[in-house]
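Undergrad: Next up, structure22.cif (mmCIF, C-alpha atoms).
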data_my_file
loop_
_atom_site.group_PDB
_atom_site.id
_atom_site.type_symbol
_atom_site.label_atom_id
_atom_site.label_comp_id
_atom_site.auth_asym_id
_atom_site.auth_seq_id
_atom_site.Cartn_x
_atom_site.Cartn_y
_atom_site.Cartn_z
ATOM 1 C CA MET A 1 0.000 0.000 0.000
ATOM 2 C CA GLY A 2 3.006 2.330 -0.238
ATOM 3 C CA PHE A 3 3.778 2.660 3.493
ATOM 4 C CA GLU A 4 5.412 0.640 6.215
ATOM 5 C CA MET A 5 3.524 -0.293 9.385
ATOM 6 C CA LYS A 6 5.651 -0.063 12.552
ATOM 7 C CA GLN A 7 5.223 -2.028 15.766
ATOM 8 C CA GLU A 8 3.202 -0.115 18.342
ATOM 9 C CA LYS A 9 6.184 0.485 20.623
ATOM 10 C CA ASP A 10 8.217 1.912 17.711
ATOM 11 C CA VAL A 11 5.482 4.332 16.741
ATOM 12 C CA LEU A 12 4.913 5.454 20.288
ATOM 13 C CA GLY A 13 8.628 5.909 20.794
ATOM 14 C CA LEU A 14 8.624 8.627 18.123
ATOM 15 C CA ILE A 15 6.121 10.791 20.007
ATOM 16 C CA PRO A 16 6.748 11.609 23.693
ATOM 17 C CA SER A 17 3.864 11.251 26.128
ATOM 18 C CA LYS A 18 2.166 14.427 27.311
ATOM 19 C CA ASN A 19 2.937 13.465 30.922
ATOM 20 C CA GLN A 20 6.622 12.718 30.254
ATOM 21 C CA GLY A 21 8.891 14.947 32.379
ATOM 22 C CA LYS A 22 6.001 16.457 34.465
ATOM 23 C CA ALA A 23 6.117 16.515 38.257
ATOM 24 C CA SER A 24 3.771 14.267 40.243
ATOM 25 C CA SER A 25 0.684 15.680 41.886
ATOM 26 C CA SER A 26 1.273 17.178 45.340
ATOM 27 C CA ASN A 27 -1.872 15.458 46.636
ATOM 28 C CA PRO A 28 -0.829 11.991 47.943
ATOM 29 C CA SER A 29 -4.352 10.689 47.916
ATOM 30 C CA SER A 30 -4.720 11.376 44.215
ATOM 31 C CA VAL A 31 -1.733 9.123 43.483
ATOM 32 C CA LYS A 32 -2.609 6.273 45.808
ATOM 33 C CA SER A 33 -6.286 6.012 44.847
ATOM 34 C CA PRO A 34 -6.887 2.892 42.623
ATOM 35 C CA HIS A 35 -9.739 4.737 40.921
ATOM 36 C CA ASN A 36 -7.467 7.606 39.910
ATOM 37 C CA LYS A 37 -4.759 5.199 38.723
ATOM 38 C CA ASN A 38 -7.145 3.327 36.426
ATOM 39 C CA LYS A 39 -8.629 6.563 35.111
ATOM 40 C CA LYS A 40 -5.190 7.990 34.354
ATOM 41 C CA LYS A 41 -4.019 4.765 32.685
ATOM 42 C CA LYS A 42 -7.122 4.660 30.476
ATOM 43 C CA LYS A 43 -6.602 8.281 29.432
ATOM 44 C CA ASN A 44 -2.954 7.653 28.540
ATOM 45 C CA ASN A 45 -3.883 4.601 26.493
ATOM 46 C CA ASN A 46 -6.440 6.624 24.519
ATOM 47 C CA ASN A 47 -3.871 9.367 23.866
ATOM 48 C CA ASN A 48 -1.277 6.829 22.741
ATOM 49 C CA LYS A 49 -3.744 5.200 20.324
ATOM 50 C CA LYS A 50 -4.534 8.594 18.778
ATOM 51 C CA LYS A 51 -0.824 9.328 18.342
ATOM 52 C CA MET A 52 -0.256 5.942 16.700
ATOM 53 C CA VAL A 53 -3.088 6.564 14.226
ATOM 54 C CA MET A 54 -1.736 10.041 13.432
ATOM 55 C CA ALA A 55 1.759 8.675 12.829
ATOM 56 C CA TRP A 56 0.357 5.898 10.602
ATOM 57 C CA ARG A 57 -1.686 8.386 8.565
ATOM 58 C CA GLN A 58 1.321 10.682 8.148
ATOM 59 C CA LYS A 59 3.439 7.781 6.895
ATOM 60 C CA LYS A 60 0.715 6.747 4.471
ATOM 61 C CA THR A 61 0.381 10.302 3.106
ATOM 62 C CA ASP A 62 4.093 10.867 2.621
ATOM 63 C CA SER A 63 5.034 7.529 1.074
ATOM 64 C CA PRO A 64 3.382 7.860 -2.384
ATOM 65 C CA ALA A 65 5.306 11.068 -3.065
ATOM 66 C CA GLU A 66 8.523 9.350 -2.010
ATOM 67 C CA GLU A 67 7.966 6.208 -4.067
ATOM 68 C CA ILE A 68 6.417 7.631 -7.256
ATOM 69 C CA THR A 69 8.365 6.617 -10.356
ATOM 70 C CA ALA A 70 9.728 9.146 -12.839
ATOM 71 C CA VAL A 71 7.462 7.937 -15.634
ATOM 72 C CA ARG A 72 4.408 8.105 -13.366
ATOM 73 C CA ARG A 73 5.376 11.649 -12.400
ATOM 74 C CA LEU A 74 5.605 12.496 -16.112
ATOM 75 C CA LEU A 75 2.084 11.184 -16.733
ATOM 76 C CA LEU A 76 0.580 13.123 -13.818
ATOM 77 C CA THR A 77 2.342 16.309 -14.928
ATOM 78 C CA CYS A 78 1.066 15.913 -18.498
ATOM 79 C CA LYS A 79 -2.474 15.495 -17.209
ATOM 80 C CA GLU A 80 -2.152 18.778 -15.348
ATOM 81 C CA VAL A 81 -0.365 20.706 -18.095
ATOM 82 C CA PHE A 82 -2.757 19.671 -20.894
ATOM 83 C CA SER A 83 -5.967 19.564 -18.836
ATOM 84 C CA ASN A 84 -7.424 22.547 -20.736
ATOM 85 C CA GLY A 85 -5.580 21.934 -23.981
ATOM 86 C CA GLY A 86 -6.688 21.463 -27.562
ATOM 87 C CA PRO A 87 -5.551 22.097 -31.132
ATOM 88 C CA GLY A 88 -3.493 25.292 -31.253
ATOM 89 C CA VAL A 89 -3.729 25.828 -27.487
ATOM 90 C CA VAL A 90 -0.318 26.488 -25.938
ATOM 91 C CA PRO A 91 -0.010 25.814 -22.186
ATOM 92 C CA SER A 92 0.938 28.729 -19.952
ATOM 93 C CA GLU A 93 4.639 29.440 -19.479
ATOM 94 C CA ASP A 94 4.685 28.148 -15.912
ATOM 95 C CA LYS A 95 3.102 24.857 -17.001
ATOM 96 C CA ILE A 96 5.555 24.553 -19.890
ATOM 97 C CA GLN A 97 8.465 24.951 -17.492
ATOM 98 C CA GLN A 98 6.854 22.502 -15.067
ATOM 99 C CA LEU A 99 6.718 19.765 -17.709
ATOM 100 C CA ARG A 100 10.120 20.652 -19.089
ATOM 101 C CA GLY A 101 11.601 20.328 -15.594
ATOM 102 C CA VAL A 102 10.231 16.789 -15.289
ATOM 103 C CA LEU A 103 11.553 15.795 -18.720
ATOM 104 C CA ASP A 104 14.971 17.349 -18.108
ATOM 105 C CA ASN A 105 15.471 14.902 -15.235
ATOM 106 C CA MET A 106 14.329 11.798 -17.139
ATOM 107 C CA LYS A 107 16.940 9.083 -17.722
ATOM 108 C CA PRO A 108 16.931 5.970 -19.965
ATOM 109 C CA GLU A 109 16.448 3.665 -16.985
ATOM 110 C CA ASP A 110 13.321 5.610 -15.994
ATOM 111 C CA VAL A 111 11.601 4.109 -19.044
ATOM 112 C CA GLY A 112 13.420 0.769 -19.039
ATOM 113 C CA LEU A 113 15.840 1.506 -21.888
ATOM 114 C CA ALA A 114 19.461 0.420 -22.310
ATOM 115 C CA LEU A 115 21.870 0.862 -25.209
ATOM 116 C CA THR A 116 22.301 -2.926 -25.417
ATOM 117 C CA MET A 117 18.675 -3.467 -26.532
ATOM 118 C CA PRO A 118 18.060 -4.754 -30.093
ATOM 119 C CA PHE A 119 16.329 -1.482 -31.057
ATOM 120 C CA PHE A 120 19.699 0.294 -31.104
ATOM 121 C CA ARG A 121 21.947 -2.214 -32.875
ATOM 122 C CA PRO A 122 23.656 -0.968 -36.051
ATOM 123 C CA VAL A 123 22.007 -2.529 -39.102
ATOM 124 C CA PRO A 124 22.473 -1.911 -42.839
ATOM 125 C CA GLY A 125 19.828 0.310 -44.376
ATOM 126 C CA PRO A 126 17.178 -1.190 -46.693
ATOM 127 C CA ARG A 127 17.955 -1.374 -50.380
ATOM 128 C CA ASN A 128 15.283 1.182 -51.263
ATOM 129 C CA GLY A 129 17.362 3.927 -49.654
ATOM 130 C CA SER A 130 15.256 4.390 -46.535
ATOM 131 C CA SER A 131 16.861 4.651 -43.122
ATOM 132 C CA PRO A 132 17.395 1.688 -40.778
ATOM 133 C CA ARG A 133 14.274 0.600 -38.949
ATOM 134 C CA ILE A 134 13.131 2.895 -36.135
ATOM 135 C CA THR A 135 11.072 1.517 -33.249
ATOM 136 C CA TYR A 136 8.111 3.388 -31.778
ATOM 137 C CA LEU A 137 7.126 2.635 -28.174
ATOM 138 C CA PRO A 138 3.778 4.151 -27.084
ATOM 139 C CA LEU A 139 3.483 4.829 -23.341
ATOM 140 C CA HIS A 140 0.147 6.650 -23.124
ATOM 141 C CA GLU A 141 -2.384 8.371 -25.374
ATOM 142 C CA CYS A 142 -5.603 10.247 -24.658
ATOM 143 C CA GLU A 143 -7.484 13.126 -26.283
ATOM 144 C CA GLN A 144 -5.292 15.744 -24.603
ATOM 145 C CA PHE A 145 -1.778 14.328 -25.124
ATOM 146 C CA SER A 146 0.405 11.358 -26.008
ATOM 147 C CA ILE A 147 3.701 10.045 -24.632
ATOM 148 C CA ALA A 148 5.982 7.841 -26.734
ATOM 149 C CA ILE A 149 9.613 6.910 -27.340
ATOM 150 C CA PHE A 150 11.453 6.693 -30.654
ATOM 151 C CA CYS A 151 14.393 4.273 -30.681
ATOM 152 C CA LEU A 152 16.857 5.010 -33.492
ATOM 153 C CA PRO A 153 19.882 2.895 -34.441
ATOM 154 C CA PRO A 154 22.918 4.708 -35.882
ATOM 155 C CA SER A 155 22.035 6.540 -39.147
ATOM 156 C CA GLY A 156 18.313 6.214 -38.401
ATOM 157 C CA VAL A 157 16.262 9.093 -39.824
ATOM 158 C CA ILE A 158 12.799 10.421 -39.071
ATOM 159 C CA PRO A 159 12.119 12.502 -42.222
ATOM 160 C CA LEU A 160 11.019 16.137 -42.143
ATOM 161 C CA HIS A 161 7.432 16.234 -40.836
ATOM 162 C CA ASN A 162 4.991 18.614 -39.135
ATOM 163 C CA HIS A 163 2.973 18.801 -35.904
ATOM 164 C CA PRO A 164 -0.276 20.621 -36.769
ATOM 165 C CA GLY A 165 -1.792 22.564 -33.858
ATOM 166 C CA MET A 166 0.526 20.879 -31.350
ATOM 167 C CA THR A 167 2.924 21.778 -28.574
ATOM 168 C CA VAL A 168 5.685 19.169 -28.577
ATOM 169 C CA PHE A 169 8.338 18.331 -25.979
ATOM 170 C CA SER A 170 11.287 16.178 -27.088
ATOM 171 C CA LYS A 171 13.840 14.790 -24.631
ATOM 172 C CA LEU A 172 16.973 13.073 -25.959
ATOM 173 C CA LEU A 173 17.545 10.283 -23.425
ATOM 174 C CA PHE A 174 20.874 9.132 -24.833
ATOM 175 C CA GLY A 175 22.966 9.372 -27.977
ATOM 176 C CA THR A 176 23.944 12.098 -30.443
ATOM 177 C CA MET A 177 21.340 13.417 -32.872
ATOM 178 C CA HIS A 178 21.200 16.072 -35.572
ATOM 179 C CA ILE A 179 18.006 18.130 -35.675
ATOM 180 C CA LYS A 180 16.926 20.383 -38.520
ATOM 181 C CA SER A 181 13.677 22.316 -38.170
ATOM 182 C CA TYR A 182 11.618 24.972 -39.943
ATOM 183 C CA ASP A 183 8.658 27.285 -39.349
ATOM 184 C CA TRP A 184 6.369 28.591 -42.076
ATOM 185 C CA VAL A 185 7.010 32.152 -43.213
ATOM 186 C CA VAL A 186 3.882 34.087 -42.218
ATOM 187 C CA ASP A 187 1.908 35.499 -45.163
ATOM 188 C CA ALA A 188 4.436 34.146 -47.658
ATOM 189 C CA PRO A 189 2.917 33.063 -51.004
ATOM 190 C CA PHE A 190 2.899 29.454 -52.137
ATOM 191 C CA ALA A 191 5.391 28.508 -54.822
ATOM 192 C CA VAL A 192 4.422 29.428 -58.357
ATOM 193 C CA ARG A 193 2.609 26.559 -60.098
ATOM 194 C CA ASP A 194 2.810 24.372 -56.976
ATOM 195 C CA PRO A 195 0.175 24.914 -54.248
ATOM 196 C CA LYS A 196 1.722 22.140 -52.122
ATOM 197 C CA THR A 197 4.986 24.033 -51.701
ATOM 198 C CA ARG A 198 5.454 26.850 -49.187
ATOM 199 C CA LEU A 199 8.273 29.076 -48.031
ATOM 200 C CA ALA A 200 9.767 28.183 -44.650
ATOM 201 C CA LYS A 201 12.437 29.692 -42.412
ATOM 202 C CA LEU A 202 15.175 27.629 -40.813
ATOM 203 C CA LYS A 203 14.790 27.459 -37.043
ATOM 204 C CA MET A 204 17.405 24.920 -35.969
ATOM 205 C CA ASP A 205 20.265 23.091 -37.661
ATOM 206 C CA SER A 206 22.285 21.624 -34.787
ATOM 207 C CA THR A 207 23.600 18.471 -33.193
ATOM 208 C CA LEU A 208 22.574 17.522 -29.658
ATOM 209 C CA THR A 209 24.251 15.034 -27.348
ATOM 210 C CA ALA A 210 22.636 13.633 -24.210
ATOM 211 C CA PRO A 211 22.397 14.578 -21.425
ATOM 212 C CA CYS A 212 20.664 17.766 -22.528
ATOM 213 C CA ASN A 213 17.480 19.654 -21.748
ATOM 214 C CA ALA A 214 14.210 18.967 -23.525
ATOM 215 C CA SER A 215 13.427 20.992 -26.642
ATOM 216 C CA ILE A 216 9.989 22.505 -27.261
ATOM 217 C CA LEU A 217 8.150 23.412 -30.448
ATOM 218 C CA TYR A 218 4.830 25.212 -30.781
ATOM 219 C CA PRO A 219 1.980 25.282 -33.331
ATOM 220 C CA GLU A 220 3.392 28.356 -35.102
ATOM 221 C CA ASP A 221 6.941 28.633 -33.786
ATOM 222 C CA GLY A 222 9.936 26.762 -32.427
ATOM 223 C CA GLY A 223 10.511 24.549 -35.479
ATOM 224 C CA ASN A 224 7.121 22.892 -36.056
ATOM 225 C CA MET A 225 8.545 20.921 -39.008
ATOM 226 C CA HIS A 226 11.624 18.930 -38.020
ATOM 227 C CA ARG A 227 13.854 16.039 -39.048
ATOM 228 C CA PHE A 228 15.836 13.744 -36.706
ATOM 229 C CA THR A 229 19.051 12.034 -37.856
ATOM 230 C CA ALA A 230 20.821 9.680 -35.437
ATOM 231 C CA GLU A 231 24.590 10.064 -35.515
ATOM 232 C CA THR A 232 24.811 7.333 -32.872
ATOM 233 C CA ALA A 233 22.135 5.107 -31.378
ATOM 234 C CA CYS A 234 19.499 7.418 -29.867
ATOM 235 C CA ALA A 235 16.329 7.364 -27.812
ATOM 236 C CA VAL A 236 13.904 10.300 -27.899
ATOM 237 C CA LEU A 237 11.032 10.706 -25.450
ATOM 238 C CA ASP A 238 8.215 12.712 -27.082
ATOM 239 C CA VAL A 239 5.178 14.399 -25.522
ATOM 240 C CA LEU A 240 2.560 15.764 -27.965
ATOM 241 C CA GLY A 241 -0.330 17.943 -26.899
ATOM 242 C CA PRO A 242 -2.746 17.220 -28.478
ATOM 243 C CA PRO A 243 -1.709 14.029 -30.328
ATOM 244 C CA TYR A 244 -2.107 13.329 -34.038
ATOM 245 C CA CYS A 245 -5.714 12.589 -35.002
ATOM 246 C CA ASN A 246 -6.670 11.974 -38.626
ATOM 247 C CA PRO A 247 -10.459 12.444 -38.145
ATOM 248 C CA GLU A 248 -9.775 15.887 -36.653
ATOM 249 C CA GLY A 249 -7.355 16.865 -39.422
ATOM 250 C CA ARG A 250 -4.157 16.509 -37.380
ATOM 251 C CA HIS A 251 -2.329 14.006 -39.550
ATOM 252 C CA CYS A 252 1.419 13.779 -40.013
ATOM 253 C CA THR A 253 2.592 15.366 -43.263
ATOM 254 C CA TYR A 254 6.090 14.754 -44.611
ATOM 255 C CA PHE A 255 8.041 17.272 -46.680
ATOM 256 C CA LEU A 256 10.888 17.582 -49.144
ATOM 257 C CA GLU A 257 13.076 20.695 -48.923
ATOM 258 C CA PHE A 258 14.393 22.659 -51.889
ATOM 259 C CA PRO A 259 16.587 25.763 -52.274
ATOM 260 C CA LEU A 260 14.919 29.059 -53.126
ATOM 261 C CA ASP A 261 15.789 29.049 -56.811
ATOM 262 C CA LYS A 262 14.018 25.700 -57.311
ATOM 263 C CA PHE A 263 10.605 27.393 -57.471
ATOM 264 C CA SER A 264 11.649 31.012 -58.026
ATOM 265 C CA SER A 265 12.922 33.159 -60.845
ATOM 266 C CA GLU A 266 15.428 35.990 -60.774
ATOM 267 C CA GLU A 267 12.569 38.480 -60.720
ATOM 268 C CA ASP A 268 10.907 37.058 -57.618
ATOM 269 C CA ASP A 269 11.052 39.107 -54.440
ATOM 270 C CA VAL A 270 12.499 36.197 -52.489
ATOM 271 C CA LEU A 271 15.684 36.502 -54.555
ATOM 272 C CA ARG A 272 16.037 40.266 -54.141
ATOM 273 C CA GLY A 273 17.481 40.131 -50.661
ATOM 274 C CA GLN A 274 14.131 40.219 -48.853
ATOM 275 C CA VAL A 275 14.900 36.802 -47.385
ATOM 276 C CA GLU A 276 18.220 35.192 -46.566
ATOM 277 C CA ARG A 277 19.033 32.341 -48.914
ATOM 278 C CA GLU A 278 20.799 30.228 -46.285
ATOM 279 C CA CYS A 279 17.920 30.609 -43.792
ATOM 280 C CA HIS A 280 14.982 29.833 -46.072
ATOM 281 C CA ALA A 281 13.811 26.898 -48.181
ATOM 282 C CA TRP A 282 10.766 25.656 -50.053
ATOM 283 C CA LEU A 283 8.999 22.770 -48.321
ATOM 284 C CA GLN A 284 6.935 20.520 -50.560
ATOM 285 C CA GLU A 285 4.294 18.127 -49.245
ATOM 286 C CA ARG A 286 4.992 14.476 -49.940
ATOM 287 C CA ASP A 287 2.727 11.502 -50.484
ATOM 288 C CA ASP A 288 0.880 10.146 -47.477
ATOM 289 C CA ASN A 289 3.238 7.180 -47.019
ATOM 290 C CA PRO A 290 6.771 8.023 -48.165
ATOM 291 C CA ASP A 291 8.914 4.998 -48.996
ATOM 292 C CA ASP A 292 11.799 6.172 -46.824
ATOM 293 C CA VAL A 293 9.740 6.217 -43.623
ATOM 294 C CA ASN A 294 10.730 3.053 -41.781
ATOM 295 C CA VAL A 295 9.023 3.098 -38.362
ATOM 296 C CA VAL A 296 7.572 0.036 -36.636
ATOM 297 C CA GLY A 297 5.653 -0.204 -33.386
ATOM 298 C CA ALA A 298 6.577 -2.328 -30.380
ATOM 299 C CA LEU A 299 5.324 -2.844 -26.842
ATOM 300 C CA TYR A 300 6.685 -0.609 -24.116
ATOM 301 C CA GLY A 301 8.320 -2.737 -21.437
ATOM 302 C CA GLY A 302 9.530 -0.175 -18.907
ATOM 303 C CA PRO A 303 8.178 0.801 -15.484
ATOM 304 C CA LYS A 304 4.408 0.958 -15.228
ATOM 305 C CA VAL A 305 2.968 4.254 -16.449
ATOM 306 C CA GLU A 306 -0.523 4.008 -14.959
ATOM 307 C CA ASP A 307 -2.014 2.408 -11.850
#
Take the structure from the file and write it as structure tokens.
TA:
Amino acid sequence: MGFEMKQEKDVLGLIPSKNQGKASSSNPSSVKSPHNKNKKKKKNNNNNKKKMVMAWRQKKTDSPAEEITAVRRLLLTCKEVFSNGGPGVVPSEDKIQQLRGVLDNMKPEDVGLALTMPFFRPVPGPRNGSSPRITYLPLHECEQFSIAIFCLPPSGVIPLHNHPGMTVFSKLLFGTMHIKSYDWVVDAPFAVRDPKTRLAKLKMDSTLTAPCNASILYPEDGGNMHRFTAETACAVLDVLGPPYCNPEGRHCTYFLEFPLDKFSSEEDDVLRGQVERECHAWLQERDDNPDDVNVVGALYGGPKVED
């Protein structure tokens, strides 16, 4: 039940008696009377029983907080942070930092992962040019949020994709990973003759090595479209609020990236210095199921997430 019952004498030994250290009554008859002795003994016994119950209740109240697992703490925090969430709804800054603080302290062993697991073994890539197989471990999903882990062997790639209407927390549990991300350029026109291609601005093009803090992206900022490339075996713990949902229009779209001159001419404004060439690209929507996406699901086998 999450607490340890002590023997009665041990519990009582923690709390001194009210009469301990007090002088005896100056009335001899009050001490010698059998009636008074029995009455006093009964009163002390009642007091001691109350103290034992109070000590037991205190132990019971404190123990769950002491014994809660890291992954259980993550779930409870997500429930609080995304309690009033929805598509496009960004949690308040204090709630964002609350969840980020929990994720920053997460370790591979908190979710039952080790580098020696088969998910992370180096394997040759498939002949069709896609990356080595990536394993997806779902921990929890509800209408408000989802928690999952991506396990990438060396050279594993999660292609450039979006997170429509979502706030996403990503924690690199171990390994070295390159991340490249973009945000849409606000009010920028679509590419000429290609309505599925839009102008995007580079947000991040860096390599991270664990241990490091969690990264956060938002519905309109922070690198909503990103690509993960594993330079070594990696594990990434992801929290999405809200999760993908095809019936509600939040499906995962993959993109190809092209330089500015791919869909522009010399006369276009984008080539007249109004945008920086090295910081912008055209992102083109891909088919629903790109051939180079190689992700398979597996059962999560770490510490229990829910009661």
Undergrad: What is the CA of Ser215 (chain A)-CA of Gly175 (chain A) distance in Å, reported with one decimal?
TA: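 Interatomic distance, CA of Ser215 (chain A) to CA of Gly175 (chain A): 15.1 Å.
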Undergrad: Using all atoms listed in the file, which of the listed residues (A:Pro87, A:Pro154, A:Pro159, A:Gly101) sits closest to Arg73 (chain A)?
TA: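 Selected residue with least distance to Arg73 (chain A): A:Gly101.
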Undergrad: Given the file shown, determine the residues that the PyMOL selection byres ((chain A and resi 109) around 12) selects; report them as a list in words.
TA: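 Residues picked by the PyMOL selection byres ((chain A and resi 109) around 12): Thr69, Ala70, Val71, Asn105, Met106, Lys107, Pro108, Asp110, Val111, Gly112, Leu113, Ala114, Leu115, Leu173, Phe174, Ala235, Gly301, Gly302 and Pro303 of chain A.
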Undergrad: Can you list, as JSON, numbers by chain, the residues that the PyMOL selection byres ((chain A and resi 214) around 12) selects here?
TA: {"A": [96, 97, 98, 99, 100, 101, 102, 103, 104, 105, 106, 107, 168, 169, 170, 171, 172, 173, 174, 208, 209, 210, 211, 212, 213, 215, 216, 217, 236, 237, 238, 239]}
Undergrad: Of the candidates A:Trp184, A:Gly223, A:Glu231, A:Gly241, which shows the shortest atom-to-atom distance to Ser83 (chain A), using all atoms listed in the file?
TA: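 Comparing A:Trp184, A:Gly223, A:Glu231, A:Gly241 against Ser83 (chain A), the winner is A:Gly241.
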Undergrad: Measure the distance from CA of Leu199 (chain A) to CA of Val185 (chain A) in Å and round it to one decimal.
TA: 5.9 Å
Undergrad: May I ask you to restore all heavy atoms in region 152-159 of chain A and write the result as a PDB file, in the frame of the given file?
TA:
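Produced file part_28.pdb, reproduced below:
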ATOM      1  N   LEU A 152      16.187   4.905 -32.207  1.00  0.00           N
ATOM      2  CA  LEU A 152      16.857   5.010 -33.492  1.00  0.00           C
ATOM      3  C   LEU A 152      18.237   4.351 -33.433  1.00  0.00           C
ATOM      4  O   LEU A 152      19.060   4.702 -32.580  1.00  0.00           O
ATOM      5  CB  LEU A 152      17.044   6.466 -33.913  1.00  0.00           C
ATOM      6  CG  LEU A 152      15.805   7.292 -34.247  1.00  0.00           C
ATOM      7  CD1 LEU A 152      15.129   7.821 -32.989  1.00  0.00           C
ATOM      8  CD2 LEU A 152      16.166   8.449 -35.167  1.00  0.00           C
ATOM      9  N   PRO A 153      18.524   3.406 -34.335  1.00  0.00           N
ATOM     10  CA  PRO A 153      19.882   2.895 -34.441  1.00  0.00           C
ATOM     11  C   PRO A 153      20.762   3.943 -35.135  1.00  0.00           C
ATOM     12  O   PRO A 153      20.244   4.939 -35.646  1.00  0.00           O
ATOM     13  CB  PRO A 153      19.706   1.644 -35.312  1.00  0.00           C
ATOM     14  CG  PRO A 153      18.508   1.952 -36.151  1.00  0.00           C
ATOM     15  CD  PRO A 153      17.601   2.783 -35.286  1.00  0.00           C
ATOM     16  N   PRO A 154      22.068   3.753 -35.172  1.00  0.00           N
ATOM     17  CA  PRO A 154      22.918   4.708 -35.882  1.00  0.00           C
ATOM     18  C   PRO A 154      22.471   4.894 -37.337  1.00  0.00           C
ATOM     19  O   PRO A 154      22.091   3.930 -38.006  1.00  0.00           O
ATOM     20  CB  PRO A 154      24.303   4.055 -35.809  1.00  0.00           C
ATOM     21  CG  PRO A 154      24.258   3.198 -34.594  1.00  0.00           C
ATOM     22  CD  PRO A 154      22.853   2.681 -34.518  1.00  0.00           C
ATOM     23  N   SER A 155      22.460   6.146 -37.793  1.00  0.00           N
ATOM     24  CA  SER A 155      22.035   6.540 -39.147  1.00  0.00           C
ATOM     25  C   SER A 155      20.526   6.490 -39.343  1.00  0.00           C
ATOM     26  O   SER A 155      20.038   6.740 -40.450  1.00  0.00           O
ATOM     27  CB  SER A 155      22.718   5.686 -40.229  1.00  0.00           C
ATOM     28  OG  SER A 155      24.122   5.800 -40.138  1.00  0.00           O
ATOM     29  N   GLY A 156      19.768   6.181 -38.289  1.00  0.00           N
ATOM     30  CA  GLY A 156      18.313   6.214 -38.401  1.00  0.00           C
ATOM     31  C   GLY A 156      17.812   7.630 -38.630  1.00  0.00           C
ATOM     32  O   GLY A 156      18.333   8.585 -38.061  1.00  0.00           O
ATOM     33  N   VAL A 157      16.787   7.773 -39.465  1.00  0.00           N
ATOM     34  CA  VAL A 157      16.262   9.093 -39.824  1.00  0.00           C
ATOM     35  C   VAL A 157      14.744   9.113 -39.700  1.00  0.00           C
ATOM     36  O   VAL A 157      14.061   8.216 -40.209  1.00  0.00           O
ATOM     37  CB  VAL A 157      16.656   9.489 -41.267  1.00  0.00           C
ATOM     38  CG1 VAL A 157      16.043  10.844 -41.634  1.00  0.00           C
ATOM     39  CG2 VAL A 157      18.164   9.535 -41.425  1.00  0.00           C
ATOM     40  N   ILE A 158      14.233  10.116 -39.021  1.00  0.00           N
ATOM     41  CA  ILE A 158      12.799  10.421 -39.071  1.00  0.00           C
ATOM     42  C   ILE A 158      12.680  11.615 -39.998  1.00  0.00           C
ATOM     43  O   ILE A 158      13.117  12.721 -39.673  1.00  0.00           O
ATOM     44  CB  ILE A 158      12.239  10.757 -37.688  1.00  0.00           C
ATOM     45  CG1 ILE A 158      12.445   9.584 -36.733  1.00  0.00           C
ATOM     46  CG2 ILE A 158      10.749  11.102 -37.783  1.00  0.00           C
ATOM     47  CD1 ILE A 158      11.958   9.844 -35.320  1.00  0.00           C
ATOM     48  N   PRO A 159      12.117  11.433 -41.218  1.00  0.00           N
ATOM     49  CA  PRO A 159      12.119  12.502 -42.222  1.00  0.00           C
ATOM     50  C   PRO A 159      11.392  13.765 -41.757  1.00  0.00           C
ATOM     51  O   PRO A 159      10.632  13.749 -40.773  1.00  0.00           O
ATOM     52  CB  PRO A 159      11.397  11.863 -43.411  1.00  0.00           C
ATOM     53  CG  PRO A 159      11.523  10.392 -43.200  1.00  0.00           C
ATOM     54  CD  PRO A 159      11.499  10.199 -41.718  1.00  0.00           C
TER      55      PRO A 159
END
